[in-house]
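These notes are about the structure you will find just below.
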There are 2 protein chains.
Amino acid sequence: MRHAVFPGGGRLRPNLCLSVAAACGVGSELDAQADIGAAIELLHCASLVHDDLPCFDDAALRRGRPSVHAAYGEELAVLAGDGLIVLAFELVASARISPALVPPLIRCIARGVGAGGGLVAGQAWESEQSVGLRTYHKAKTGALFEAGAHAGALLAGSAPSRAQSWGAFGARLGEAYQVADDLRDTLDDTASLGKPVGQDMAHDRPNACMTLGIEGALERLRALLDQAVEAMPACPQPERVVSWVEDFGARLYPRAVRVHQPSANGTVVADLRA
Amino acid sequence: MRHAVFPGGGRLRPNLCLSVAAACGVGSELDAQADIGAAIELLHCASLVHDDLPCFDDAALRRGRPSVHAAYGEELAVLAGDGLIVLAFELVASARISPALVPPLIRCIARGVGAGGGLVAGQAWESEQSVGLRTYHKAKTGALFEAGAHAGALLAGSAPSRAQSWGAFGARLGEAYQVADDLRDTLDDTASLGKPVGQDMAHDRPNACMTLGIEGALERLRALLDQAVEAMPACPQPERVVSWVEDFGARLYPRAVRVHQPSANGTVVADLRA
């Protein structure tokens, strides 16, 4: 379980959760917010462990290191994922927040990862003969970003409908993230990504580049980021989230986007689309 | 997920939960109690789905039908297990109980299945070179019976320390169940058990019959049931649990125990120990 969680990746989902809580005006202690953010990250890590299993991606690398099953065997990888899911919900129930917040937070987070349209549903759709790309992305990736933003608003004491609007904002960011991930899978090399590339093609999985073309996928990525900012609900400190989205966008933009910009030493990054 | 849950087995764990709640004096609606019992059963079913996977038991049969991975493939079996775990916690958070009960119930149930001494830990210990039989049984099976009894007392409004005493009672029953399961794995045939037998020997796993011998395992089973009844905390309606334990004991006793008792049609059950 530790191997699956440390060292981490971008910690994007918990950071989104905490940024939204900060933007909405803090209604709970930072430690408690961190617990909820950590729970969301544990669920993300659990999904990576199970996605890497031989029956799915059979990926030997994750974040530049052996995946959990490569390091500890398939049995412990299945169990590490299970244990992380359980720990996530235990953490929400142990956070120092008002007990009244626990049920809506658990429901919000469970929807983000569950079989009714969350992460598990998205992963399952990979096994289907055909699935709409957007539906797939919404579940596979969007739903946990949605839950992160929604949970942040709940933590700040937002009313249910307002918290849901934040969820819609998070869902757009999640979709953007998935399109960027598809671009990386298509365009990046293994060394820079820290995991095998070309997995979607190899596994005949939906990928925005295959469906929309590379230019189309880049356009879609930009549109999703724009739509997210437009969909941002009014809040006391919007700058706390806007700066997060800027950082997020800068991280997401795959190498190919910067194709014609001169780099610091005067050369240009190779055009991977060529 | 439906295939994993219906038709069910004995539904022992949720029945234990509801019996304890009834014995302690009902503090919540029966529908809400049923939700909590169902959550516990979903977690049990999830563990069966993952236990049956090729990397563990590679069992093609469960409850007389194809196991989930035999019916739907390994990918959907991993995801069905994950989805059931998530759904279980969502169900607790959606139950019509006082919000103040949700955090302790989630913590109680998470301990029963988690990596810190619950089901996931027990399953992981199967991969170890050696493990104490009792420690293994406590985690693999005892912990979720413990959680069931503990949750029942919480639902009835018992104080935390009293609810924990009910947990200790449940843990004994869980150990008894696991010893009985080992006896069945050693002595029964596939047709009567509805799943392959001899799996522990085949997978070199701890089994009470190997450690204690068959007679020793039967003695241990009887002792655990006796100890459970002795450890039963005082409550307004103890008969509600005592009758449950009697039914439970009658179910648990493996066929070999009844070896020398005449059956209804005058024959005797074959002595499987011969």
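Residues in the structure tokens are numbered from 1 in each chain, the chains being A, B, ... in the order shown, and ligands are numbered from 1 in the order shown.
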Exercise. What lies within 7 Å of Val49 of chain B using only C-alpha atoms, ignoring chain neighbours under 4 positions off, as a VMD selection string?
Worked result: chain B and resid 4 45 53 68 77 81
For this session: Give the residues of chain B that lie within 7 Å of chain A; count only C-alpha atoms, and format the answer as a ChimeraX atom specification.
Result: /B:55-56,74-76,79,82-83,86-87,90,93-94,99-100,102-103,106-107,110,114-115,120,124
For this session: Run DSSP on the backbone and give me the residues of segment 63-268 of chain B it puts in strand (DSSP E or B), as a list in words.
Result: Arg65, Pro66, Pro262 and Val268 of chain B
Please give chain B as a short mmCIF file (atom, residue, chain, number, x, y, z; two decimals) with C-alpha atoms, in the first residue's frame, after it has been superposed on chain A by least squares over all Cα atoms paired in order.
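Below you can see part.cif, which holds the result:
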```
data_model
loop_
_atom_site.label_atom_id
_atom_site.label_comp_id
_atom_site.auth_asym_id
_atom_site.auth_seq_id
_atom_site.Cartn_x
_atom_site.Cartn_y
_atom_site.Cartn_z
CA MET B 1 0.11 0.09 -0.07
CA ARG B 2 2.96 2.45 0.70
CA HIS B 3 4.63 1.61 -2.62
CA ALA B 4 1.37 2.55 -4.38
CA VAL B 5 1.10 5.93 -2.66
CA PHE B 6 4.73 7.14 -2.22
CA PRO B 7 6.35 8.85 -3.98
CA GLY B 8 3.23 10.31 -5.48
CA GLY B 9 2.36 11.88 -8.79
CA GLY B 10 0.85 15.36 -9.09
CA ARG B 11 -1.58 14.87 -6.17
CA LEU B 12 -3.97 16.79 -8.44
CA ARG B 13 -7.24 15.55 -6.97
CA PRO B 14 -6.51 16.35 -3.30
CA ASN B 15 -5.02 19.69 -4.36
CA LEU B 16 -8.20 20.48 -6.25
CA CYS B 17 -10.22 19.56 -3.15
CA LEU B 18 -8.18 21.85 -0.90
CA SER B 19 -8.16 24.70 -3.45
CA VAL B 20 -11.95 24.63 -3.72
CA ALA B 21 -12.27 24.55 0.08
CA ALA B 22 -9.95 27.59 0.27
CA ALA B 23 -11.87 29.43 -2.47
CA CYS B 24 -15.21 28.79 -0.76
CA GLY B 25 -13.97 30.00 2.61
CA VAL B 26 -12.63 27.46 5.04
CA GLY B 27 -15.34 25.76 7.10
CA SER B 28 -13.17 23.06 8.63
CA GLU B 29 -9.62 22.70 9.93
CA LEU B 30 -6.83 22.28 7.41
CA ASP B 31 -5.84 18.94 8.97
CA ALA B 32 -9.34 17.63 8.44
CA GLN B 33 -9.35 18.89 4.85
CA ALA B 34 -6.04 17.11 4.32
CA ASP B 35 -7.60 13.86 5.56
CA ILE B 36 -10.38 14.14 2.99
CA GLY B 37 -7.91 15.04 0.24
CA ALA B 38 -5.76 12.08 1.24
CA ALA B 39 -8.76 9.76 1.09
CA ILE B 40 -9.41 10.89 -2.49
CA GLU B 41 -5.76 10.33 -3.41
CA LEU B 42 -5.76 6.84 -1.83
CA LEU B 43 -8.69 5.92 -4.07
CA HIS B 44 -6.85 7.25 -7.10
CA CYS B 45 -3.76 5.22 -6.15
CA ALA B 46 -5.92 2.11 -5.64
CA SER B 47 -7.27 2.48 -9.16
CA LEU B 48 -3.75 2.77 -10.57
CA VAL B 49 -2.66 -0.41 -8.80
CA HIS B 50 -5.61 -2.36 -10.18
CA ASP B 51 -5.33 -0.75 -13.67
CA ASP B 52 -1.73 -1.94 -13.88
CA LEU B 53 -2.65 -5.59 -13.16
CA PRO B 54 -1.86 -8.20 -15.81
CA CYS B 55 -5.56 -8.58 -16.70
CA PHE B 56 -5.78 -4.86 -17.53
CA ASP B 57 -2.73 -2.92 -18.71
CA ASP B 58 -0.14 -5.45 -17.54
CA ALA B 59 2.07 -2.42 -16.89
CA ALA B 60 5.44 -3.15 -15.30
CA LEU B 61 6.16 0.55 -14.69
CA ARG B 62 4.31 3.29 -12.82
CA ARG B 63 5.78 6.70 -11.98
CA GLY B 64 9.15 5.44 -13.22
CA ARG B 65 9.26 2.52 -10.78
CA PRO B 66 8.01 -1.06 -10.83
CA SER B 67 4.24 -1.17 -10.54
CA VAL B 68 2.91 -2.81 -7.37
CA HIS B 69 2.33 -6.21 -8.97
CA ALA B 70 5.76 -6.08 -10.64
CA ALA B 71 7.35 -5.38 -7.25
CA TYR B 72 5.21 -7.55 -4.95
CA GLY B 73 3.23 -9.95 -7.11
CA GLU B 74 -0.31 -9.97 -8.38
CA GLU B 75 -1.92 -11.20 -5.16
CA LEU B 76 -0.57 -8.39 -3.01
CA ALA B 77 -1.41 -5.87 -5.76
CA VAL B 78 -5.07 -6.91 -5.72
CA LEU B 79 -5.07 -6.70 -1.91
CA ALA B 80 -3.16 -3.40 -1.79
CA GLY B 81 -5.85 -1.86 -4.00
CA ASP B 82 -8.61 -3.28 -1.82
CA GLY B 83 -6.86 -2.11 1.34
CA LEU B 84 -6.44 1.41 -0.05
CA ILE B 85 -10.15 1.64 -0.87
CA VAL B 86 -11.07 0.59 2.65
CA LEU B 87 -8.51 2.92 4.21
CA ALA B 88 -9.88 5.85 2.22
CA PHE B 89 -13.35 5.51 3.70
CA GLU B 90 -11.94 4.84 7.16
CA LEU B 91 -9.98 8.08 6.86
CA VAL B 92 -13.09 10.10 6.00
CA ALA B 93 -14.86 8.59 9.01
CA SER B 94 -11.88 9.42 11.25
CA ALA B 95 -11.38 13.03 10.09
CA ARG B 96 -11.88 15.74 12.68
CA ILE B 97 -14.96 17.19 11.00
CA SER B 98 -18.55 17.55 12.09
CA PRO B 99 -20.12 14.05 12.10
CA ALA B 100 -22.94 15.54 10.00
CA LEU B 101 -20.44 16.08 7.16
CA VAL B 102 -19.33 12.43 7.06
CA PRO B 103 -22.38 10.92 5.29
CA PRO B 104 -22.47 13.48 2.42
CA LEU B 105 -18.70 13.29 1.99
CA ILE B 106 -18.72 9.48 1.85
CA ARG B 107 -21.58 9.52 -0.66
CA CYS B 108 -19.83 12.15 -2.79
CA ILE B 109 -16.53 10.26 -2.84
CA ALA B 110 -18.20 6.87 -3.36
CA ARG B 111 -20.00 8.24 -6.43
CA GLY B 112 -16.62 9.34 -7.76
CA VAL B 113 -15.16 5.85 -7.63
CA GLY B 114 -18.15 3.50 -7.69
CA ALA B 115 -19.73 1.28 -10.30
CA GLY B 116 -22.66 3.63 -10.86
CA GLY B 117 -20.75 6.10 -13.04
CA GLY B 118 -17.46 6.52 -11.19
CA LEU B 119 -13.99 5.16 -11.70
CA VAL B 120 -14.99 1.49 -11.53
CA ALA B 121 -17.63 2.06 -14.23
CA GLY B 122 -15.12 3.83 -16.45
CA GLN B 123 -12.60 1.06 -16.06
CA ALA B 124 -15.29 -1.52 -16.81
CA TRP B 125 -16.27 0.29 -20.01
CA GLU B 126 -12.78 -0.40 -21.32
CA SER B 127 -13.91 -4.01 -21.60
CA GLU B 128 -16.93 -3.11 -23.76
CA GLN B 129 -16.99 -3.42 -27.53
CA SER B 130 -17.80 0.25 -27.95
CA VAL B 131 -18.43 3.17 -25.63
CA GLY B 132 -18.88 6.90 -26.16
CA LEU B 133 -15.55 8.60 -25.54
CA ARG B 134 -17.07 11.34 -23.42
CA THR B 135 -19.13 8.95 -21.27
CA TYR B 136 -16.02 6.88 -20.73
CA HIS B 137 -13.83 9.84 -19.76
CA LYS B 138 -16.48 11.26 -17.45
CA ALA B 139 -16.51 8.05 -15.44
CA LYS B 140 -12.89 6.93 -15.71
CA THR B 141 -11.36 10.27 -14.75
CA GLY B 142 -13.94 13.05 -14.53
CA ALA B 143 -15.89 11.51 -11.67
CA LEU B 144 -13.05 11.60 -9.14
CA PHE B 145 -12.12 15.19 -10.03
CA GLU B 146 -15.83 15.97 -9.66
CA ALA B 147 -15.81 14.34 -6.24
CA GLY B 148 -12.67 16.26 -5.25
CA ALA B 149 -14.16 19.65 -6.06
CA HIS B 150 -17.54 18.69 -4.59
CA ALA B 151 -15.90 17.47 -1.38
CA GLY B 152 -13.89 20.69 -1.10
CA ALA B 153 -17.09 22.74 -1.20
CA LEU B 154 -18.78 20.44 1.34
CA LEU B 155 -15.79 20.88 3.66
CA ALA B 156 -16.18 24.65 3.39
CA GLY B 157 -19.78 24.31 4.52
CA SER B 158 -21.36 25.05 1.11
CA ALA B 159 -25.02 24.19 0.63
CA PRO B 160 -25.63 20.90 -1.26
CA SER B 161 -26.66 22.56 -4.56
CA ARG B 162 -23.68 24.92 -4.51
CA ALA B 163 -21.35 22.02 -3.72
CA GLN B 164 -22.77 20.15 -6.71
CA SER B 165 -21.99 23.12 -8.99
CA TRP B 166 -18.40 22.80 -7.84
CA GLY B 167 -18.63 19.16 -8.76
CA ALA B 168 -19.57 20.09 -12.35
CA PHE B 169 -16.53 22.38 -12.45
CA GLY B 170 -14.31 19.53 -11.25
CA ALA B 171 -15.79 17.13 -13.79
CA ARG B 172 -14.66 19.39 -16.66
CA LEU B 173 -11.13 19.45 -15.28
CA GLY B 174 -11.18 15.70 -15.01
CA GLU B 175 -12.21 15.35 -18.63
CA ALA B 176 -9.41 17.72 -19.61
CA TYR B 177 -6.97 15.61 -17.65
CA GLN B 178 -8.06 12.44 -19.42
CA VAL B 179 -7.72 14.02 -22.90
CA ALA B 180 -4.23 15.18 -21.91
CA ASP B 181 -3.44 11.67 -20.70
CA ASP B 182 -4.53 10.28 -24.07
CA LEU B 183 -2.26 12.78 -25.83
CA ARG B 184 0.65 11.74 -23.65
CA ASP B 185 -0.05 8.06 -24.25
CA THR B 186 0.05 8.78 -27.99
CA LEU B 187 2.86 11.33 -28.20
CA ASP B 188 5.23 11.00 -25.24
CA ASP B 189 8.03 8.56 -24.66
CA THR B 190 8.28 6.12 -21.77
CA ALA B 191 11.20 7.91 -20.11
CA SER B 192 9.36 11.22 -19.74
CA LEU B 193 6.04 9.64 -18.77
CA GLY B 194 7.41 7.10 -16.28
CA LYS B 195 5.09 4.38 -17.58
CA PRO B 196 4.70 2.53 -20.87
CA VAL B 197 3.18 4.57 -23.74
CA GLY B 198 0.95 3.39 -26.56
CA GLN B 199 -1.10 1.35 -24.08
CA ASP B 200 -4.46 2.48 -25.44
CA MET B 201 -3.59 1.39 -28.98
CA ALA B 202 -2.07 -1.85 -27.67
CA HIS B 203 -5.21 -2.61 -25.65
CA ASP B 204 -7.66 -1.29 -28.25
CA ARG B 205 -9.03 1.21 -25.76
CA PRO B 206 -10.86 4.48 -26.40
CA ASN B 207 -8.36 7.33 -26.83
CA ALA B 208 -9.20 10.90 -27.82
CA CYS B 209 -6.36 10.99 -30.38
CA MET B 210 -7.79 8.02 -32.23
CA THR B 211 -11.31 9.42 -32.19
CA LEU B 212 -10.65 13.11 -32.73
CA GLY B 213 -7.16 13.10 -34.23
CA ILE B 214 -4.28 14.80 -32.46
CA GLU B 215 -5.31 18.35 -33.45
CA GLY B 216 -8.90 17.59 -32.48
CA ALA B 217 -7.79 16.24 -29.11
CA LEU B 218 -5.71 19.37 -28.45
CA GLU B 219 -8.70 21.57 -29.32
CA ARG B 220 -10.92 19.55 -27.02
CA LEU B 221 -8.39 19.92 -24.19
CA ARG B 222 -8.35 23.69 -24.59
CA ALA B 223 -12.16 23.86 -24.78
CA LEU B 224 -12.57 21.81 -21.60
CA LEU B 225 -10.23 24.08 -19.63
CA ASP B 226 -12.10 27.15 -20.88
CA GLN B 227 -15.46 25.62 -20.03
CA ALA B 228 -14.23 24.73 -16.54
CA VAL B 229 -13.30 28.33 -15.76
CA GLU B 230 -16.64 29.53 -17.16
CA ALA B 231 -18.51 26.99 -15.02
CA MET B 232 -16.75 28.08 -11.81
CA PRO B 233 -19.38 29.01 -9.19
CA ALA B 234 -19.17 32.38 -7.44
CA CYS B 235 -17.11 32.20 -4.25
CA PRO B 236 -15.32 34.48 -1.74
CA GLN B 237 -11.79 33.78 -3.00
CA PRO B 238 -11.98 32.68 -6.64
CA GLU B 239 -8.27 33.41 -7.15
CA ARG B 240 -7.44 30.36 -5.02
CA VAL B 241 -8.95 28.13 -7.69
CA VAL B 242 -8.04 30.15 -10.78
CA SER B 243 -4.34 29.88 -9.97
CA TRP B 244 -4.83 26.15 -9.44
CA VAL B 245 -6.43 25.80 -12.88
CA GLU B 246 -3.56 27.75 -14.45
CA ASP B 247 -0.97 25.41 -12.90
CA PHE B 248 -3.09 22.45 -13.85
CA GLY B 249 -3.33 23.59 -17.49
CA ALA B 250 0.41 24.17 -17.68
CA ARG B 251 1.06 20.65 -16.35
CA LEU B 252 -1.51 19.04 -18.59
CA TYR B 253 -0.33 20.46 -21.85
CA PRO B 254 1.55 17.61 -23.39
CA ARG B 255 5.02 18.14 -24.79
CA ALA B 256 3.72 18.21 -28.34
CA VAL B 257 1.75 21.39 -27.64
CA ARG B 258 4.95 23.27 -26.99
CA VAL B 259 6.41 22.06 -30.27
CA HIS B 260 7.30 25.40 -31.79
CA GLN B 261 8.26 27.28 -28.66
CA PRO B 262 11.98 27.82 -28.11
CA SER B 263 13.18 26.19 -24.92
CA ALA B 264 15.49 27.81 -22.34
CA ASN B 265 18.67 26.71 -24.12
CA GLY B 266 17.51 27.94 -27.54
CA THR B 267 16.55 24.63 -29.11
CA VAL B 268 13.02 23.62 -29.95
CA VAL B 269 11.31 20.56 -28.58
CA ALA B 270 11.10 17.88 -31.26
CA ASP B 271 7.77 17.70 -33.06
CA LEU B 272 6.54 14.32 -31.97
CA ARG B 273 3.72 14.49 -34.48
CA ALA B 274 6.13 14.36 -37.40
#
```
For this session: Assign secondary structure with DSSP using the backbone only, and return the residues of segment 97-215 of chain B in alpha helix (DSSP H) as a ChimeraX atom specification.
Result: /B:102-113,119-125,133-137,143-155,160-187,190-193,199-202,208-215
